[in-house]
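The next block is structure_18.txt, given as compact mmCIF, C-alpha atoms.
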```
# COMPACT_ATOMS: atom_id res chain seq x y z
CA MET Z 27 20.03 101.63 92.75
CA PRO Z 28 22.32 98.67 93.55
CA TYR Z 29 24.04 96.57 90.89
CA LYS Z 30 21.67 94.18 89.09
CA SER Z 31 24.34 91.89 87.63
CA GLY Z 32 28.02 90.95 87.82
CA LYS Z 33 30.22 90.23 90.83
CA LEU Z 34 28.75 93.13 92.88
CA LYS Z 35 25.11 92.10 92.31
CA GLY Z 36 22.84 93.51 95.07
CA GLU Z 37 25.54 95.87 96.45
CA LEU Z 38 25.35 99.67 96.45
CA THR Z 39 27.29 101.67 93.85
CA THR Z 40 30.23 103.87 94.90
CA PRO Z 41 28.36 107.19 94.26
CA GLU Z 42 25.55 105.99 96.55
CA ILE Z 43 28.08 104.99 99.26
CA ARG Z 44 29.68 108.46 99.00
CA LYS Z 45 26.25 110.08 99.42
CA LEU Z 46 25.55 107.97 102.53
CA ILE Z 47 28.87 109.03 104.10
CA LYS Z 48 28.19 112.71 103.38
CA ALA Z 49 24.69 112.45 104.90
CA HIS Z 50 26.05 110.65 107.99
CA ASN Z 51 28.73 113.34 108.46
CA ILE Z 52 26.06 116.05 108.28
CA LEU Z 53 23.92 114.29 110.94
CA VAL Z 54 26.84 113.65 113.30
CA SER Z 55 28.71 116.96 112.82
CA ILE Z 56 28.28 119.90 115.26
CA LYS Z 57 28.13 123.27 113.51
CA ILE Z 58 28.81 126.42 115.53
CA PRO Z 59 27.05 129.53 114.13
CA ALA Z 60 29.03 132.71 113.58
CA GLY Z 61 29.15 135.05 116.60
CA ALA Z 62 28.12 132.32 119.09
CA LYS Z 63 29.18 132.91 122.71
CA ARG Z 64 30.43 130.41 125.32
CA ASP Z 65 26.98 129.58 126.77
CA ASP Z 66 25.47 129.16 123.30
CA ILE Z 67 28.25 126.75 122.27
CA ILE Z 68 27.83 124.65 125.45
CA SER Z 69 24.03 124.40 124.90
CA ILE Z 70 24.58 123.29 121.28
CA ILE Z 71 27.00 120.56 122.45
CA LYS Z 72 24.49 119.30 125.08
CA LYS Z 73 21.64 119.24 122.54
CA ARG Z 74 23.80 117.00 120.34
CA GLY Z 75 24.18 114.52 123.21
CA TYR Z 76 27.65 115.41 124.44
CA ASP Z 77 29.08 116.80 127.67
CA ILE Z 78 32.35 118.66 128.36
CA ASP Z 79 34.84 117.04 130.79
CA HIS Z 80 37.03 119.97 131.86
CA LYS Z 81 39.39 117.87 134.00
CA GLN Z 82 40.29 115.34 131.29
CA GLN Z 83 39.79 117.99 128.55
CA LYS Z 84 37.44 115.82 126.47
CA LEU Z 85 33.97 115.68 124.92
CA LYS Z 86 31.99 112.75 126.41
CA GLN Z 87 28.81 111.24 124.96
CA VAL Z 88 25.83 111.22 127.33
CA LYS Z 89 24.26 107.74 127.59
CA ASN Z 90 20.58 108.77 127.94
CA VAL Z 91 20.54 110.91 124.78
CA PRO Z 92 19.44 108.88 121.70
CA VAL Z 93 22.02 108.35 118.95
CA PRO Z 94 21.00 109.54 115.41
CA LYS Z 95 19.18 106.93 113.35
CA THR Z 96 20.84 104.93 110.58
CA VAL Z 97 21.08 106.67 107.21
CA SER Z 98 19.35 105.20 104.13
CA VAL Z 99 19.76 106.18 100.50
CA ALA Z 100 16.30 107.78 100.42
CA SER Z 101 17.04 109.88 103.55
CA ALA Z 102 20.50 110.78 102.16
CA LYS Z 103 18.84 112.19 99.03
CA LYS Z 104 16.62 114.37 101.26
CA ILE Z 105 19.56 115.55 103.38
CA ILE Z 106 21.77 116.19 100.31
CA PRO Z 107 19.39 117.13 97.49
CA SER Z 108 20.79 117.03 93.99
CA LYS Z 109 21.74 120.46 92.63
CA THR Z 110 19.35 122.23 90.30
CA LYS Z 111 20.32 123.71 86.94
CA GLU Z 112 20.35 127.22 88.41
CA GLN Z 113 22.73 126.18 91.21
CA LYS Z 114 25.04 124.50 88.71
CA GLU Z 115 25.07 127.63 86.51
CA GLN Z 116 25.83 129.78 89.57
CA MET Z 117 28.76 127.47 90.45
CA LYS Z 118 30.11 127.76 86.91
CA GLN Z 119 29.73 131.54 86.95
CA LYS Z 120 31.61 131.78 90.28
CA GLN Z 121 34.44 129.66 88.86
CA LYS Z 122 34.62 131.91 85.77
CA GLU Z 123 34.74 135.06 87.93
CA LYS Z 124 37.47 133.50 90.07
CA LYS Z 125 39.52 132.65 86.97
CA GLU Z 126 39.09 136.18 85.55
CA LYS Z 127 40.28 137.72 88.85
CA GLN Z 128 43.31 135.43 88.86
CA LYS Z 129 44.12 136.40 85.26
CA ILE Z 130 43.87 140.12 86.05
CA GLU Z 131 46.14 139.69 89.09
CA LYS Z 132 48.68 137.78 87.01
CA GLU Z 133 48.67 140.47 84.29
CA LYS Z 134 49.26 143.15 86.94
CA GLU Z 135 52.17 141.18 88.37
CA VAL Z 136 53.70 140.76 84.91
CA LYS Z 137 53.37 144.50 84.19
CA LEU Z 138 55.09 145.40 87.49
CA ILE Z 139 57.91 142.95 86.79
CA LYS Z 140 58.39 144.44 83.31
CA LYS Z 141 58.48 148.01 84.68
CA GLU Z 142 61.07 147.05 87.29
CA ALA Z 143 63.16 145.29 84.66
CA VAL Z 144 63.07 148.37 82.38
CA LYS Z 145 64.14 150.63 85.27
CA GLU Z 146 67.05 148.36 86.15
CA PHE Z 147 68.12 148.21 82.51
CA LYS Z 148 68.10 152.03 82.19
CA GLN Z 149 70.07 152.46 85.43
CA LYS Z 150 72.70 149.97 84.32
CA LYS Z 151 72.95 151.67 80.93
CA GLN Z 152 73.51 155.08 82.55
CA GLU Z 153 76.16 153.65 84.86
CA ALA Z 154 77.92 152.02 81.91
CA VAL Z 155 77.90 155.33 79.98
CA LYS Z 156 79.44 157.16 82.94
CA LYS Z 157 82.20 154.59 83.31
CA GLN Z 158 83.18 154.83 79.62
CA LYS Z 159 86.13 157.13 78.73
CA PRO Z 160 85.28 160.30 76.75
CA LYS Z 161 86.11 159.98 73.05
CA PRO Z 162 89.01 162.20 71.82
CA LYS Z 163 87.79 165.25 69.94
CA ASP Z 164 88.59 165.47 66.22
CA LYS Z 165 91.26 168.01 65.24
CA PRO Z 166 89.89 171.14 63.52
CA LYS Z 167 90.33 171.20 59.76
CA PRO Z 168 92.80 173.82 58.36
CA ILE Z 169 91.02 176.95 57.07
CA ALA Z 170 91.43 177.36 53.30
CA LYS Z 171 92.97 180.61 52.03
CA LYS Z 172 90.96 183.00 49.92
CA GLU Z 173 93.31 182.52 46.96
CA ASP Z 174 92.63 178.74 46.97
CA GLU Z 175 88.91 179.19 47.32
CA VAL Z 176 88.52 181.29 44.13
CA ARG Z 177 91.00 181.12 41.30
CA GLY Z 178 90.59 182.86 37.98
CA LYS Z 179 90.70 181.13 34.56
CA GLU Z 180 94.13 180.95 32.90
CA LYS Z 181 94.50 182.36 29.38
CA VAL Z 182 95.74 179.85 26.82
CA GLY Z 183 97.79 181.33 23.88
CA ARG Z 184 99.42 179.86 20.73
CA PRO Z 185 101.88 177.00 21.19
CA ARG Z 186 105.54 177.94 20.84
CA VAL Z 187 106.35 174.84 18.75
CA ASP Z 188 104.65 174.13 15.42
CA PRO Z 189 103.13 170.60 15.52
CA LYS Z 190 103.76 170.09 11.74
CA LYS Z 191 107.54 170.40 12.19
CA ILE Z 192 107.63 167.64 14.89
CA LYS Z 193 109.14 164.43 13.49
CA VAL Z 194 107.89 161.04 14.57
CA ILE Z 195 110.70 158.59 15.33
CA GLU Z 196 109.93 155.17 13.89
CA ILE Z 197 111.33 151.85 15.13
CA LYS Z 198 113.97 150.65 12.67
CA SER Z 199 113.48 146.90 13.12
CA LYS Z 200 110.48 145.16 14.60
CA GLU Z 201 111.60 142.24 16.59
CA LYS Z 202 109.29 139.36 16.10
CA ILE Z 203 108.90 137.28 19.24
CA GLU Z 204 108.21 133.72 18.33
CA LYS Z 205 106.96 131.28 20.92
CA LYS Z 206 108.69 128.00 20.90
CA LYS Z 207 106.34 125.12 20.36
CA PRO Z 208 106.71 122.30 22.90
CA GLN Z 209 108.27 119.26 21.35
CA ARG Z 210 106.48 115.96 21.81
CA LYS Z 211 108.35 113.18 23.47
CA GLN Z 212 109.02 110.35 21.15
CA LEU Z 213 108.01 106.95 22.45
CA LYS Z 214 110.47 104.14 22.43
CA PRO Z 215 109.75 101.38 19.99
CA THR Z 216 107.98 98.41 21.59
CA GLN Z 217 110.00 95.28 21.98
CA THR Z 218 108.46 92.37 20.23
CA THR Z 219 108.64 89.23 22.36
CA THR Z 220 107.51 85.78 21.60
CA ASP Z 221 107.44 84.35 25.15
CA THR Z 222 104.73 85.56 27.64
CA LYS Z 223 105.52 85.65 31.34
CA VAL Z 224 102.84 84.61 33.87
CA GLN Z 225 102.40 87.13 36.71
CA ASP Z 226 102.97 85.78 40.22
CA LYS Z 227 99.96 85.70 42.57
CA PRO Z 228 100.12 88.01 45.62
CA LYS Z 229 100.75 86.34 48.94
CA ASP Z 230 97.73 87.92 50.73
CA LEU Z 231 95.21 86.83 48.07
CA LYS Z 232 92.44 84.66 49.57
CA VAL Z 233 91.11 82.13 47.14
CA LYS Z 234 87.68 80.66 47.82
CA VAL Z 235 87.98 76.93 48.20
CA LYS Z 236 84.97 74.98 47.03
CA LYS Z 237 83.38 72.90 49.74
CA SER Z 238 83.30 69.19 49.31
CA GLU Z 239 80.06 67.26 49.17
CA LYS Z 240 80.70 65.88 52.66
CA GLU Z 241 80.96 69.41 54.15
CA LYS Z 242 77.84 70.51 52.31
CA LYS Z 243 75.94 67.51 53.68
CA GLU Z 244 77.09 68.34 57.25
CA ASN Z 245 75.89 71.95 56.89
CA ARG Z 246 72.50 70.76 55.65
CA GLU Z 247 72.18 68.43 58.63
CA LYS Z 248 73.06 71.25 61.06
CA ILE Z 249 70.38 73.48 59.54
CA GLU Z 250 67.79 70.71 59.83
CA ARG Z 251 68.75 70.10 63.47
CA PHE Z 252 68.47 73.81 64.24
CA ASN Z 253 65.01 73.97 62.63
CA ASN Z 254 63.87 71.01 64.72
CA ILE Z 255 64.83 72.86 67.91
CA ARG Z 256 63.53 76.28 66.79
CA ASN Z 257 60.02 75.95 68.31
CA VAL Z 258 61.18 74.26 71.56
CA LYS Z 259 60.65 76.44 74.64
CA ILE Z 260 63.72 78.14 76.10
CA GLY Z 261 63.09 76.68 79.55
CA PHE Z 262 63.41 73.11 78.24
CA ILE Z 263 66.61 74.08 76.35
CA ARG Z 264 68.21 75.55 79.50
CA ASP Z 265 67.32 72.41 81.48
CA ALA Z 266 68.93 70.24 78.78
CA VAL Z 267 72.15 72.31 78.86
CA ARG Z 268 72.19 72.13 82.69
CA ASP Z 269 71.88 68.31 82.56
CA PHE Z 270 74.66 68.16 79.95
CA ASN Z 271 76.96 70.24 82.20
CA ASN Z 272 76.34 68.01 85.23
CA SER Z 273 76.59 64.50 83.66
CA LYS Z 274 79.87 63.16 82.27
CA ALA Z 275 78.12 60.22 80.59
CA LEU Z 276 76.26 62.55 78.24
CA GLN Z 277 79.51 64.37 77.41
CA ASP Z 278 81.23 61.05 76.60
CA LYS Z 279 78.28 60.04 74.39
CA ALA Z 280 78.51 63.34 72.50
CA LYS Z 281 82.34 62.84 72.27
CA ILE Z 282 83.01 66.25 73.84
CA THR Z 283 85.08 67.28 76.86
CA LEU Z 284 84.03 70.50 78.55
CA LYS Z 285 86.75 72.59 80.21
CA LYS Z 286 84.15 74.97 81.63
CA PRO Z 287 80.38 74.49 82.05
CA LEU Z 288 78.25 76.11 79.34
CA LYS Z 289 76.53 79.42 80.19
CA LEU Z 290 72.78 79.36 80.82
CA ASN Z 291 72.06 83.12 80.64
CA ASP Z 292 72.58 83.58 76.89
CA SER Z 293 69.79 84.45 74.46
CA ALA Z 294 67.48 81.77 73.02
CA GLU Z 295 69.22 81.71 69.62
CA GLN Z 296 72.70 81.40 71.19
CA MET Z 297 71.51 78.52 73.40
CA ARG Z 298 70.12 76.70 70.36
CA ARG Z 299 73.44 77.14 68.51
CA LYS Z 300 75.29 75.73 71.52
CA ILE Z 301 73.09 72.61 71.49
CA ILE Z 302 73.97 71.93 67.85
CA ALA Z 303 77.69 72.79 68.29
CA TYR Z 304 78.11 70.41 71.28
CA ASN Z 305 75.81 67.67 69.85
CA ILE Z 306 73.43 67.89 72.82
CA ASP Z 307 70.41 67.21 70.57
CA LYS Z 308 71.96 63.86 69.59
CA VAL Z 309 72.25 62.79 73.25
CA ILE Z 310 69.03 64.30 74.73
CA ASP Z 311 65.62 63.87 73.09
CA PHE Z 312 63.83 67.14 72.35
CA PRO Z 313 60.04 67.26 71.78
CA ALA Z 314 59.27 67.40 68.07
CA PRO Z 315 57.34 70.57 67.06
CA PRO Z 316 53.79 69.93 65.79
CA LYS Z 317 53.39 70.23 62.05
CA ARG Z 318 51.15 73.05 60.95
CA GLN Z 319 48.45 72.08 58.51
CA ARG Z 320 46.44 74.64 56.64
CA LYS Z 321 42.73 74.11 56.87
CA SER Z 322 41.02 73.99 53.50
CA MET Z 323 37.73 75.89 53.80
CA THR Z 324 34.70 75.44 51.58
CA ASP Z 325 32.80 78.35 50.03
CA GLU Z 326 29.93 77.87 52.49
CA GLU Z 327 32.30 78.03 55.49
CA ARG Z 328 33.94 81.22 54.16
CA ALA Z 329 30.53 82.85 53.64
CA ALA Z 330 29.47 81.86 57.19
CA LYS Z 331 32.74 83.27 58.60
CA LYS Z 332 32.23 86.57 56.76
CA LYS Z 333 28.66 86.81 58.01
CA GLU Z 334 29.77 86.16 61.60
CA ALA Z 335 32.48 88.83 61.35
CA SER Z 336 30.03 91.41 59.92
CA GLU Z 337 27.52 90.70 62.74
CA LYS Z 338 30.25 91.13 65.36
CA ALA Z 339 31.27 94.44 63.77
CA LYS Z 340 27.64 95.66 63.83
CA GLN Z 341 27.29 94.76 67.52
CA GLN Z 342 30.56 96.56 68.29
CA ARG Z 343 29.37 99.68 66.42
CA LYS Z 344 26.12 99.70 68.39
CA LYS Z 345 28.06 99.30 71.63
CA ASN Z 346 30.44 102.13 70.69
CA LYS Z 347 27.52 104.48 69.94
CA ILE Z 348 26.36 104.09 73.55
CA GLU Z 349 29.84 104.02 75.16
CA LEU Z 350 31.47 106.94 73.31
CA PRO Z 351 29.34 109.80 74.77
CA ILE Z 352 29.98 108.47 78.32
CA ARG Z 353 33.74 108.22 77.71
CA LYS Z 354 33.82 111.70 76.16
CA LYS Z 355 32.17 113.21 79.25
CA VAL Z 356 34.66 111.48 81.55
CA ASN Z 357 37.58 112.66 79.37
CA ALA Z 358 36.18 116.21 79.53
CA LEU Z 359 36.42 116.01 83.35
CA TYR Z 360 40.04 114.93 82.93
CA VAL Z 361 40.94 117.91 80.70
CA GLU Z 362 39.01 120.40 82.85
CA ALA Z 363 40.79 119.21 86.02
CA LEU Z 364 44.23 119.71 84.39
CA LYS Z 365 43.30 123.23 83.19
CA ARG Z 366 42.05 124.21 86.64
CA LYS Z 367 45.23 122.93 88.25
CA LYS Z 368 47.31 125.01 85.80
CA ASP Z 369 45.20 128.07 86.65
CA GLY Z 370 46.04 127.52 90.34
CA ASP Z 371 42.75 126.19 91.79
CA ASP Z 372 42.75 124.19 95.02
CA VAL Z 373 43.30 120.44 94.47
CA ASP Z 374 40.68 119.42 97.08
CA GLU Z 375 38.04 121.59 95.40
CA ILE Z 376 38.86 120.08 92.00
CA SER Z 377 38.59 116.49 93.33
CA ASP Z 378 35.20 117.28 95.02
CA ASP Z 379 33.87 118.74 91.77
CA ILE Z 380 35.07 115.66 89.85
CA ASP Z 381 33.18 113.37 92.28
CA GLU Z 382 29.97 115.41 91.95
CA LYS Z 383 30.13 115.47 88.14
CA PHE Z 384 30.93 111.77 87.99
CA GLU Z 385 27.84 111.08 90.14
CA GLU Z 386 25.78 113.12 87.67
CA ILE Z 387 27.17 111.05 84.78
CA TYR Z 388 26.23 107.87 86.68
CA GLU Z 389 22.68 109.10 87.29
CA GLU Z 390 22.32 110.06 83.61
CA PHE Z 391 23.56 106.69 82.26
CA GLU Z 392 22.45 104.43 85.14
CA SER Z 393 20.55 102.05 82.82
CA VAL Z 394 23.71 101.54 80.70
CA PHE Z 395 25.95 100.73 83.68
CA GLU Z 396 23.44 98.16 84.99
CA ASP Z 397 23.19 96.37 81.63
CA ASP Z 398 25.04 93.01 81.40
CA GLU Z 399 26.43 93.94 77.98
CA PHE Z 400 28.40 96.85 79.51
CA ASP Z 401 29.63 94.90 82.54
CA GLY Z 402 32.88 96.40 83.88
CA LEU Z 403 32.52 99.81 82.16
CA PHE Z 404 31.67 101.67 85.40
CA ASP Z 405 34.58 100.04 87.27
CA GLU Z 406 36.97 101.01 84.48
CA LEU Z 407 35.82 104.65 84.49
CA GLU Z 408 35.93 104.79 88.30
CA GLU Z 409 39.55 103.57 88.26
CA PHE Z 410 40.31 106.25 85.68
CA ILE Z 411 38.84 108.98 87.94
CA GLU Z 412 40.73 107.71 91.02
CA GLU Z 413 43.96 107.67 88.99
CA LEU Z 414 43.29 111.27 87.89
CA LYS Z 415 42.71 112.44 91.50
CA SER Z 416 45.98 110.85 92.60
CA LYS Z 417 47.81 112.55 89.70
CA LEU Z 418 46.50 115.99 90.74
CA ASN Z 419 48.87 115.99 93.75
CA GLU Z 420 51.86 115.33 91.47
CA PRO Z 421 53.62 118.00 89.33
CA ILE Z 422 51.84 118.92 86.10
CA LYS Z 423 52.55 116.70 83.11
CA SER Z 424 51.38 116.81 79.52
CA LEU Z 425 48.21 114.94 78.52
CA LYS Z 426 50.24 112.43 76.46
CA GLU Z 427 52.51 111.58 79.42
CA LEU Z 428 49.54 111.08 81.76
CA THR Z 429 47.70 108.82 79.28
CA LYS Z 430 50.88 106.75 78.79
CA ASP Z 431 51.27 106.36 82.57
CA PHE Z 432 47.64 105.31 82.90
CA GLN Z 433 47.96 102.74 80.08
CA LYS Z 434 51.09 101.25 81.72
CA GLY Z 435 49.30 101.12 85.07
CA ASP Z 436 52.01 102.99 87.00
```
Please render this file's structure as structure tokens.
Amino acid sequence: MPYKSGKLKGELTTPEIRKLIKAHNILVSIKIPAGAKRDDIISIIKKRGYDIDHKQQKLKQVKNVPVPKTVSVASAKKIIPSKTKEQKEQMKQKQKEKKEKQKIEKEKEVKLIKKEAVKEFKQKKQEAVKKQKPKPKDKPKPIAKKEDEVRGKEKVGRPRVDPKKIKVIEIKSKEKIEKKKPQRKQLKPTQTTTDTKVQDKPKDLKVKVKKSEKEKKENREKIERFNNIRNVKIGFIRDAVRDFNNSKALQDKAKITLKKPLKLNDSAEQMRRKIIAYNIDKVIDFPAPPKRQRKSMTDEERAAKKKEASEKAKQQRKKNKIELPIRKKVNALYVEALKRKKDGDDVDEISDDIDEKFEEIYEEFESVFEDDEFDGLFDELEEFIEELKSKLNEPIKSLKELTKDFQKGD
């Protein structure tokens, strides 16, 4: 069904255009059956309305043979019927089987690589052991004699000296060692003075000088002037500085002589400071910023505003309930395509599957896409799918990186 509203009102949708192209290609294409011989191929070409020019080495269209009729959407649906549930399940099963085979092949490859690595490691280890010098053998321990191994107990008799007759020699004088106590240093008596001497101030000491009332007034004026220029656009400020650089009359009015022209590439704040420093605002008139006035709202107006906001939120929630399942299905296509690319599937096959599934989503939610309330949703999702198909040819990135790129519009 063509678009019912919006800029493309009355025009066919992109899935329908794709279907028309596929149907046209089927009608125009010449398929050669397997095992066909030369004569069979030539007869097929002639039936299709073409003739072989052997001299120029070309296929020429015969004028008398009628050209295939124009393709309509209804005829395209008959030529390319939509897949049944059984066909879709078979496709999914084939994809699963293909993935399982790929996994098994990868596991086998990994096992072979590991075995080869282990063999290489063992060979290197053996070579390293052979290259190493033999360790010197330990010297044999001396054999113990039989006499040392077993020795009989010695007999202990009476002591030759009587212990009672032994005299103990006592120390005649015990020398007492006294530690000398450390003497405290006596402090000198303080000199009593009547006169007090004032300490001299250091030379490097910076004393804060109080500003005079005149200087304070000048600072206040500068701040007011800066605030007056704060909301003026930077383009107007740069133009004013450019005029000041070019005209000597303005410089004489401001009582300033410029040795070099003022820079125009500085930041907005620096430009504003220059205007105040060189008294440009006194010479050139700047547009006064509009005064902001707060609107005083009544209770009735606040209640009406709250009601309006709540109604808007309700409408948005209703819209999100319809939009979210569609967006989730499209995001699922996105994730599935990335997984299949990581598994090593063909990029062309993935993009064809994405187109078919996106057409199914369109057929399922056709009434939503044609509604004026959801104007632009289909175009947004279609752009998303086209962006995904273009990203499939690039090296694999993480999901976060791809979403960031899509949001930037790179």
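A straight line drawn from atom CA of Z:Gln87 to atom CA of Z:Ile43 is 26.5 Å long.
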*Figure out the distance between atom CA of Z:Pro59 and atom CA of Z:Gly75, please, to one decimal in Å.*
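Going from atom CA of Z:Gly75 over to atom CA of Z:Pro59 covers 17.8 Å.
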*Using all atoms listed in the file, which of the listed residues (Z:Lys345, Z:Lys156, Z:Lys286, Z:Lys72) sits closest to Z:Asn272?*
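Closest to Z:Asn272, using all atoms listed in the file: Z:Lys286.
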Write out as a tab-separated table (two decimals) with C-alpha atoms, keeping the file's coordinate frame which residues come within 12 Å of Z:Glu349 when counting only C-alpha atoms, dropping same-chain ones fewer than 4 positions away.
```
chain	number	residue	atom	x	y	z
Z	342	GLN	CA	30.56	96.56	68.29
Z	343	ARG	CA	29.37	99.68	66.42
Z	344	LYS	CA	26.12	99.70	68.39
Z	345	LYS	CA	28.06	99.30	71.63
Z	353	ARG	CA	33.74	108.22	77.71
Z	354	LYS	CA	33.82	111.70	76.16
Z	355	LYS	CA	32.17	113.21	79.25
Z	356	VAL	CA	34.66	111.48	81.55
Z	391	PHE	CA	23.56	106.69	82.26
Z	394	VAL	CA	23.71	101.54	80.70
Z	395	PHE	CA	25.95	100.73	83.68
Z	399	GLU	CA	26.43	93.94	77.98
Z	400	PHE	CA	28.40	96.85	79.51
Z	401	ASP	CA	29.63	94.90	82.54
Z	402	GLY	CA	32.88	96.40	83.88
Z	403	LEU	CA	32.52	99.81	82.16
Z	404	PHE	CA	31.67	101.67	85.40
Z	407	LEU	CA	35.82	104.65	84.49
```
*Å distance separating atom CA of Z:Gln83 from atom CA of Z:Ile68, one decimal place*: 14.0 Å
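Shown here are all protein and nucleic acid residues lying within 10 Å of (25.6, 112.1, 93.1), with only C-alpha atoms considered: Thr40, Pro41, Glu42, Ile43, Arg44, Lys45, Lys103, Ile106, Pro107, Ser108, Lys109, Asp381, Glu382, Lys383, Phe384, Glu385, Glu386, Ile387, Tyr388 and Glu389 of chain Z.
Those residues positioned at most 9 Å from (77.2, 66.1, 77.9) are Val267, Asp269, Phe270, Asn271, Asn272, Ser273, Lys274, Ala275, Leu276, Gln277, Asp278, Lys279, Ala280, Lys281, Ile282, Thr283, Leu284, Tyr304, Asn305, Ile306, Val309 and Ile310 of chain Z, judged using all atoms listed in the file.
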_Exercise: Z:Ser293 partners within 12 Å, all atoms listed in the file, chain neighbours under 4 positions left out, as a count of residues only_ = 9
Test item: residues at most 9 Å from stretch 239-254 of chain Z, all atoms listed in the file, excluding those fewer than 4 positions along its chain, as an mmCIF file with C-alpha atoms, keeping the file's coordinate frame:
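Result written to part.cif:
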```
data_model
loop_
_atom_site.group_PDB
_atom_site.id
_atom_site.type_symbol
_atom_site.label_atom_id
_atom_site.label_comp_id
_atom_site.auth_asym_id
_atom_site.auth_seq_id
_atom_site.Cartn_x
_atom_site.Cartn_y
_atom_site.Cartn_z
ATOM 1 C CA VAL Z 258 61.180 74.260 71.560
ATOM 2 C CA ARG Z 298 70.120 76.700 70.360
ATOM 3 C CA ARG Z 299 73.440 77.140 68.510
ATOM 4 C CA ILE Z 301 73.090 72.610 71.490
ATOM 5 C CA ILE Z 302 73.970 71.930 67.850
ATOM 6 C CA ALA Z 303 77.690 72.790 68.290
ATOM 7 C CA ASP Z 307 70.410 67.210 70.570
ATOM 8 C CA PHE Z 312 63.830 67.140 72.350
ATOM 9 C CA PRO Z 313 60.040 67.260 71.780
ATOM 10 C CA ALA Z 314 59.270 67.400 68.070
ATOM 11 C CA PRO Z 315 57.340 70.570 67.060
#
```
_Residues within 12 Å of Z:Lys122, please, as a list in words. Count only C-alpha atoms; anything in the same chain fewer than 6 positions from it doesn't count._
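Near Z:Lys122, the qualifying residues are Glu115, Gln116, Gln128, Lys129, Arg366, Asp369 and Asp371 of chain Z.
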